[in-house]
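Notes to accompany the following structure.
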Amino acid sequence: MSEPDIYITACATWLPPLLPVARAVADGHCDERLVRRTGMVSVAVAGAEAAPEMAGRAARIALRRAGYDGADIALILHANFFYQGHDVWAPASYVQRVAVGNDCPAVEIRQASNGGMAAVELARAFLVAAPGREAALVTTGDKFGPPAFDRWRSDPGTVYADGGTALALSRRRGFALLRSLVTVSDPELEGMHRGDDSFGPAPLSARSVVDLDACQRDFLASAGMRQVAARVSAGQEAVLTEALALAGARLTDIDRVVLPHLGLHRLNGSYLRRLGLRPEITTWPWSRRIGHLGAGDPIAGLEHLMLTGALGAGDRCLLVSVGAGFTWSAAVIDILERPAWVDTPARPP
């Protein structure tokens with residue numbers, strides 16, 4: 001018996017104002033060398049908004065676009081990368097309260113930058129498992145800032161942005177059909193974001209500011225650059241090959257590609273040059289103005305391509321994601337129609 005089709009009904013992004021990189025350079029937050037290496041133009045920087053608040057705002061937009069109320073949603077998954085504003089707390093339940101208002105399961109997903117795609121895959125499986133489940137909601141929300149995180153220097157090569165995203169999945173209807181979604185894991189690389197630091201008793205025990213660059217240097221010194229590069233390449237290749245095969249597609253069949261919001265140097269090495277992708281068919285021209293949204297890049301990128309008309313009925317889109325762990329995800333979706341919400345205002349009154 002074949003599995004039922006799963007559709008994307010709506011997606012949404014809520015972003016704070018954009019800070020020009022030139023202003024950050026003038027203010028001493030980053031330097032020209034970093035700007036040249038990343039190719040970034042601006043980055044979304046929140047004020048008082050917390051990560052779950054931005055996720056909740058995106059969720060309300062997505063639910064309105066999908067035409068869903070709380071009774072329709074059978075599962076809520078909230079993915080995030082960094083601190084959510086409170087200790088020993090359940091941010092997924094906050095999103096459920098402020099955006100959905102029902103009593104379905106609400107669960108937090110912690111898989112770093114690949115959390116959004118991991119949540120979509122889990123939500124898909126949840127809907128497939130029981131015919132009575134109509135829809136699921138995936139949200140992401142992250143905020144990267146002082147004193148614990150330096151969005152410019154904590155992970156050189158990637159500029160981290162603040163914002164929330166949301167995506168609604170359905171068993172019955174949607175503007176896009178999820179043709180395939182695959183995740184591959186290589187836990188031998190988990191030390192890349194741990195380095196030689198010992199396990200601590202509390203957050204930020206080892207360092208007062210997150211320093212992923214130091215962790216990576218420690219790990220590469222022991223694991224070896226060549227061996228690590230080979231494992232990373234193998235993971236990327238495996239997930240793309242399987243996702244395309246399951247969708248019955250080749251890379252040349254893909255009209256648009258949603259890439260992680262990494263700096264240009266990293267994107268070139270991992271995706272653009274390696275896969276022979278023209279930047280203009282990817283989300284890079286837009287993502288360089290937004291920054292890395294933690295777990296939210298794939299959802300934000302898909303919404304952008306829909307709102308700008310870059311994707312339309314009959315098009316095929318590839319979503320690619322990677323996160324610490326390491327895990328890689330890839331999804332192929334077919335665009336079935338131009339949804340009505342493309343022509344409506346994004347922010348609720």
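Chain labels run A, B, ... following the order of the structure tokens; each chain numbers its residues from 1, and ligands are numbered from 1 in the order shown.
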Skipping near chain neighbours, those fewer than 2 positions away, what residues fall within 12 Å of Asn80 of chain A using only C-alpha atoms, listed as an mmCIF file with C-alpha atoms, in the first residue's frame?
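Final output, part.cif:
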data_model
loop_
_atom_site.group_PDB
_atom_site.id
_atom_site.type_symbol
_atom_site.label_atom_id
_atom_site.label_comp_id
_atom_site.auth_asym_id
_atom_site.auth_seq_id
_atom_site.Cartn_x
_atom_site.Cartn_y
_atom_site.Cartn_z
ATOM 1 C CA ALA A 51 12.836 33.929 19.129
ATOM 2 C CA PRO A 52 9.527 32.213 20.035
ATOM 3 C CA MET A 54 8.908 35.764 16.012
ATOM 4 C CA ALA A 55 7.983 32.116 15.428
ATOM 5 C CA LEU A 77 6.846 21.130 15.951
ATOM 6 C CA HIS A 78 9.027 24.113 16.868
ATOM 7 C CA PHE A 82 19.896 28.930 19.940
ATOM 8 C CA TYR A 83 18.531 30.284 23.222
ATOM 9 C CA GLN A 84 14.762 30.725 23.325
ATOM 10 C CA GLY A 85 14.538 33.336 26.063
ATOM 11 C CA ALA A 90 8.930 24.677 26.429
ATOM 12 C CA PRO A 91 8.873 27.190 23.550
ATOM 13 C CA ALA A 92 6.714 24.904 21.401
ATOM 14 C CA VAL A 107 7.184 19.440 20.629
ATOM 15 C CA GLU A 108 10.535 21.231 20.391
ATOM 16 C CA ILE A 109 13.072 20.026 17.783
ATOM 17 C CA ARG A 110 16.775 20.656 18.464
ATOM 18 C CA GLN A 111 18.878 19.829 15.429
ATOM 19 C CA ALA A 112 20.747 23.101 14.933
ATOM 20 C CA SER A 113 20.506 24.545 11.408
ATOM 21 C CA ASN A 114 18.831 21.407 10.070
ATOM 22 C CA GLY A 115 16.038 21.564 12.626
ATOM 23 C CA GLY A 116 13.469 23.039 10.272
ATOM 24 C CA MET A 117 13.813 20.295 7.687
ATOM 25 C CA ALA A 118 14.005 17.636 10.392
ATOM 26 C CA ALA A 119 10.713 18.953 11.777
ATOM 27 C CA VAL A 138 6.214 23.489 11.741
ATOM 28 C CA THR A 139 7.734 26.671 13.145
ATOM 29 C CA THR A 140 11.270 27.947 13.636
ATOM 30 C CA GLY A 141 12.554 30.868 15.640
ATOM 31 C CA ASP A 142 16.033 32.073 16.473
ATOM 32 C CA LYS A 143 17.734 35.185 17.784
ATOM 33 C CA PHE A 144 21.505 35.534 17.758
ATOM 34 C CA ASP A 162 17.040 36.771 13.655
ATOM 35 C CA GLY A 163 13.553 35.749 12.587
ATOM 36 C CA GLY A 164 10.741 33.237 12.630
ATOM 37 C CA THR A 165 9.239 30.949 10.001
ATOM 38 C CA ALA A 166 6.262 28.608 9.739
ATOM 39 C CA LEU A 293 18.057 32.100 10.152
ATOM 40 C CA GLY A 294 19.229 29.107 12.163
ATOM 41 C CA ALA A 295 16.667 26.384 11.559
ATOM 42 C CA GLY A 296 14.493 28.552 9.313
ATOM 43 C CA ASP A 297 16.399 28.942 6.018
ATOM 44 C CA GLY A 323 23.162 21.209 10.424
#
Report as an MDAnalysis selection string all protein, DNA and RNA residues lying within 10 Å of Val21 of chain A, evaluated on only C-alpha atoms, omitting residues in the same chain fewer than 6 positions from it.
chainID A and resid 27 29:32 35 39:43 152 159 289
Any chance you can output those residues with N, CA, C and O atoms as a CSV table (one decimal), in the first residue's frame?
chain,number,residue,atom,x,y,z
A,27,ASP,N,30.5,50.6,12.5
A,27,ASP,CA,30.3,50.6,14.0
A,27,ASP,C,31.3,49.6,14.6
A,27,ASP,O,31.3,49.5,15.9
A,29,HIS,N,31.5,46.3,14.3
A,29,HIS,CA,31.0,45.0,14.7
A,29,HIS,C,31.6,43.9,13.8
A,29,HIS,O,31.7,42.7,14.2
A,30,CYS,N,32.0,44.2,12.6
A,30,CYS,CA,32.7,43.3,11.7
A,30,CYS,C,33.7,44.0,10.8
A,30,CYS,O,33.7,45.3,10.8
A,31,ASP,N,34.5,43.3,10.1
A,31,ASP,CA,35.5,44.0,9.3
A,31,ASP,C,35.3,43.7,7.8
A,31,ASP,O,34.5,42.8,7.4
A,32,GLU,N,36.0,44.5,7.0
A,32,GLU,CA,35.8,44.4,5.5
A,32,GLU,C,36.2,43.0,5.0
A,32,GLU,O,35.6,42.5,4.0
A,35,VAL,N,33.3,40.8,5.3
A,35,VAL,CA,32.3,41.2,4.3
A,35,VAL,C,32.6,40.6,2.9
A,35,VAL,O,31.8,40.0,2.2
A,39,GLY,N,30.2,37.9,1.3
A,39,GLY,CA,29.3,38.5,0.3
A,39,GLY,C,28.0,39.1,0.8
A,39,GLY,O,27.1,39.4,0.0
A,40,MET,N,27.9,39.2,2.1
A,40,MET,CA,26.6,39.7,2.7
A,40,MET,C,26.4,41.2,2.5
A,40,MET,O,27.4,41.9,2.5
A,41,VAL,N,25.2,41.5,2.3
A,41,VAL,CA,24.8,42.9,2.1
A,41,VAL,C,24.1,43.5,3.3
A,41,VAL,O,24.3,44.6,3.7
A,42,SER,N,23.3,42.7,4.0
A,42,SER,CA,22.6,43.1,5.2
A,42,SER,C,22.2,41.9,6.0
A,42,SER,O,22.3,40.7,5.5
A,43,VAL,N,21.6,42.1,7.2
A,43,VAL,CA,21.3,41.0,8.0
A,43,VAL,C,20.1,41.4,8.9
A,43,VAL,O,20.0,42.6,9.3
A,152,TRP,N,28.5,38.0,13.9
A,152,TRP,CA,29.5,38.2,12.9
A,152,TRP,C,30.7,37.3,13.0
A,152,TRP,O,31.3,36.8,12.0
A,159,VAL,N,26.9,34.7,8.5
A,159,VAL,CA,26.4,35.8,9.3
A,159,VAL,C,25.0,35.4,9.8
A,159,VAL,O,24.1,35.1,9.0
A,289,ARG,N,21.0,39.1,1.7
A,289,ARG,CA,20.4,40.3,2.4
A,289,ARG,C,19.7,40.0,3.7
A,289,ARG,O,19.2,40.9,4.4
Given only C-alpha atoms as the basis, pick out the residue of A:Ile6, A:Ile76, A:Ile61, A:Leu220 nearest to Arg97 of chain A.
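The shortest atom-to-atom distance to Arg97 of chain A comes from A:Ile76.
Restricting the calculation to only C-alpha atoms, the smallest distance between Arg278 of chain A and any of A:Ala129, A:Ala249, A:Val257, A:Ile299 is found for A:Val257.
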Could you check which of A:Ser270, A:Ser205, A:Gln96, A:Thr9 is closest to Tyr68 of chain A, using only C-alpha atoms?
A:Thr9
Just the alpha helix (DSSP H) stuff from segment 92-158 of chain A, please, per backbone DSSP, written as a list in words.
Ala92, Ser93, Tyr94, Val95, Gly115, Gly116, Met117, Ala118, Ala119, Val120, Glu121, Leu122, Ala123, Arg124, Ala125, Phe126, Leu127, Val128 and Ala129 of chain A
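Straight-line separation from atom CA of Ala245 of chain A to atom CA of Arg266 of chain A: 25.8 Å.
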Under the rule that only C-alpha atoms are counted, which of A:Pro279, A:Pro4, A:Pro20, A:Pro187 is the nearest residue to Trp328 of chain A?
A:Pro187
Under the rule that only C-alpha atoms are counted, which of A:Leu177, A:Cys215, A:Ala136, A:Leu127 is the nearest residue to Ala59 of chain A?
A:Ala136
Do you know which residues are at most 12 Å from Ala10 of chain A counting only C-alpha atoms, after dropping those on the same chain fewer than 6 positions away, and could you put them as an MDAnalysis selection string?
chainID A and resid 58:68 135:139 165:170 173:177 299:300 302:303 306:307 335 337:342 346
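Within the 12 Å cut-off around Arg250 of chain A, using only C-alpha atoms and omitting residues fewer than 3 positions from it on the same chain, the listed residues are Leu240, Thr241, Glu242, Ala243, Leu244, Ala245, Leu246, Ala247, Asp253, Ile254, Asp255, Leu275, Arg316, Cys317, Leu318 and Val332 of chain A.
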Using the selection just defined, write its residues with N, CA, C and O atoms as a PDB file, in the first residue's frame.
ATOM      1  N   LEU A 240      21.387  14.279  -1.562  1.00  0.00           N
ATOM      2  CA  LEU A 240      20.892  14.794  -2.832  1.00  0.00           C
ATOM      3  C   LEU A 240      20.529  13.657  -3.789  1.00  0.00           C
ATOM      4  O   LEU A 240      19.480  13.692  -4.441  1.00  0.00           O
ATOM      5  N   THR A 241      21.391  12.656  -3.861  1.00  0.00           N
ATOM      6  CA  THR A 241      21.148  11.529  -4.758  1.00  0.00           C
ATOM      7  C   THR A 241      19.847  10.819  -4.411  1.00  0.00           C
ATOM      8  O   THR A 241      19.021  10.521  -5.291  1.00  0.00           O
ATOM      9  N   GLU A 242      19.625  10.569  -3.116  1.00  0.00           N
ATOM     10  CA  GLU A 242      18.426   9.834  -2.708  1.00  0.00           C
ATOM     11  C   GLU A 242      17.166  10.674  -2.880  1.00  0.00           C
ATOM     12  O   GLU A 242      16.132  10.170  -3.349  1.00  0.00           O
ATOM     13  N   ALA A 243      17.225  11.945  -2.522  1.00  0.00           N
ATOM     14  CA  ALA A 243      16.034  12.797  -2.656  1.00  0.00           C
ATOM     15  C   ALA A 243      15.611  12.932  -4.110  1.00  0.00           C
ATOM     16  O   ALA A 243      14.416  12.866  -4.437  1.00  0.00           O
ATOM     17  N   LEU A 244      16.574  13.119  -5.001  1.00  0.00           N
ATOM     18  CA  LEU A 244      16.249  13.228  -6.423  1.00  0.00           C
ATOM     19  C   LEU A 244      15.722  11.902  -6.968  1.00  0.00           C
ATOM     20  O   LEU A 244      14.758  11.873  -7.742  1.00  0.00           O
ATOM     21  N   ALA A 245      16.338  10.803  -6.558  1.00  0.00           N
ATOM     22  CA  ALA A 245      15.906   9.493  -7.046  1.00  0.00           C
ATOM     23  C   ALA A 245      14.477   9.182  -6.610  1.00  0.00           C
ATOM     24  O   ALA A 245      13.661   8.688  -7.403  1.00  0.00           O
ATOM     25  N   LEU A 246      14.157   9.454  -5.357  1.00  0.00           N
ATOM     26  CA  LEU A 246      12.801   9.189  -4.856  1.00  0.00           C
ATOM     27  C   LEU A 246      11.758  10.027  -5.579  1.00  0.00           C
ATOM     28  O   LEU A 246      10.599   9.617  -5.717  1.00  0.00           O
ATOM     29  N   ALA A 247      12.175  11.222  -6.012  1.00  0.00           N
ATOM     30  CA  ALA A 247      11.246  12.093  -6.742  1.00  0.00           C
ATOM     31  C   ALA A 247      11.219  11.788  -8.228  1.00  0.00           C
ATOM     32  O   ALA A 247      10.450  12.404  -8.979  1.00  0.00           O
ATOM     33  N   ASP A 253      16.436  18.787 -13.832  1.00  0.00           N
ATOM     34  CA  ASP A 253      14.981  18.980 -13.851  1.00  0.00           C
ATOM     35  C   ASP A 253      14.526  20.053 -12.869  1.00  0.00           C
ATOM     36  O   ASP A 253      13.359  20.453 -12.884  1.00  0.00           O
ATOM     37  N   ILE A 254      15.421  20.480 -12.002  1.00  0.00           N
ATOM     38  CA  ILE A 254      15.062  21.413 -10.930  1.00  0.00           C
ATOM     39  C   ILE A 254      15.071  22.846 -11.454  1.00  0.00           C
ATOM     40  O   ILE A 254      16.027  23.294 -12.081  1.00  0.00           O
ATOM     41  N   ASP A 255      13.973  23.566 -11.180  1.00  0.00           N
ATOM     42  CA  ASP A 255      13.862  24.957 -11.639  1.00  0.00           C
ATOM     43  C   ASP A 255      14.482  25.947 -10.654  1.00  0.00           C
ATOM     44  O   ASP A 255      15.079  26.940 -11.076  1.00  0.00           O
ATOM     45  N   LEU A 275      28.080  21.736  -7.427  1.00  0.00           N
ATOM     46  CA  LEU A 275      26.953  21.171  -8.162  1.00  0.00           C
ATOM     47  C   LEU A 275      26.728  21.849  -9.505  1.00  0.00           C
ATOM     48  O   LEU A 275      25.824  21.463 -10.254  1.00  0.00           O
ATOM     49  N   ARG A 316       9.491  22.769 -10.362  1.00  0.00           N
ATOM     50  CA  ARG A 316      10.017  21.817  -9.377  1.00  0.00           C
ATOM     51  C   ARG A 316      11.135  22.496  -8.601  1.00  0.00           C
ATOM     52  O   ARG A 316      12.009  23.132  -9.178  1.00  0.00           O
ATOM     53  N   CYS A 317      11.090  22.364  -7.281  1.00  0.00           N
ATOM     54  CA  CYS A 317      12.027  23.060  -6.397  1.00  0.00           C
ATOM     55  C   CYS A 317      12.753  22.054  -5.513  1.00  0.00           C
ATOM     56  O   CYS A 317      12.149  21.091  -5.024  1.00  0.00           O
ATOM     57  N   LEU A 318      14.031  22.301  -5.309  1.00  0.00           N
ATOM     58  CA  LEU A 318      14.855  21.488  -4.416  1.00  0.00           C
ATOM     59  C   LEU A 318      15.208  22.306  -3.191  1.00  0.00           C
ATOM     60  O   LEU A 318      15.731  23.419  -3.307  1.00  0.00           O
ATOM     61  N   VAL A 332      12.389  17.477  -2.525  1.00  0.00           N
ATOM     62  CA  VAL A 332      11.931  17.901  -3.839  1.00  0.00           C
ATOM     63  C   VAL A 332      10.432  18.163  -3.742  1.00  0.00           C
ATOM     64  O   VAL A 332       9.676  17.298  -3.261  1.00  0.00           O
TER      65      VAL A 332
END
If we count only C-alpha atoms, what is near Leu277 of chain A at a cut-off of 10 Å, once residues fewer than 3 positions away on the same chain are taken out, given as a VMD selection string?
chain A and resid 251 to 252 256 to 257 268 271 to 274 280 to 282
Taking the chain letters and numbering used in this document, name the residues of segment 54-281 of chain A that DSSP puts in strand (DSSP E), as a ChimeraX atom specification.
/A:73-79,106-109,135-142,163-170,176-185,256-258
Closest of A:Val100, A:Ala24, A:Ala331, A:Ala324 to Arg57 of chain A, counting only C-alpha atoms, is A:Val100
Counting only C-alpha atoms, what is within 12 Å of Asp150 of chain A, bar same-chain residues fewer than 4 positions away, as a list in words?
His29, Cys30, Val45, Lys143, Phe144, Gly145, Pro146, Ser154, Asp155, Pro156, Thr158, Val159, Tyr160, Ala161, Ser208, Val209, Val210, Asp211, Leu212 and Asp213 of chain A
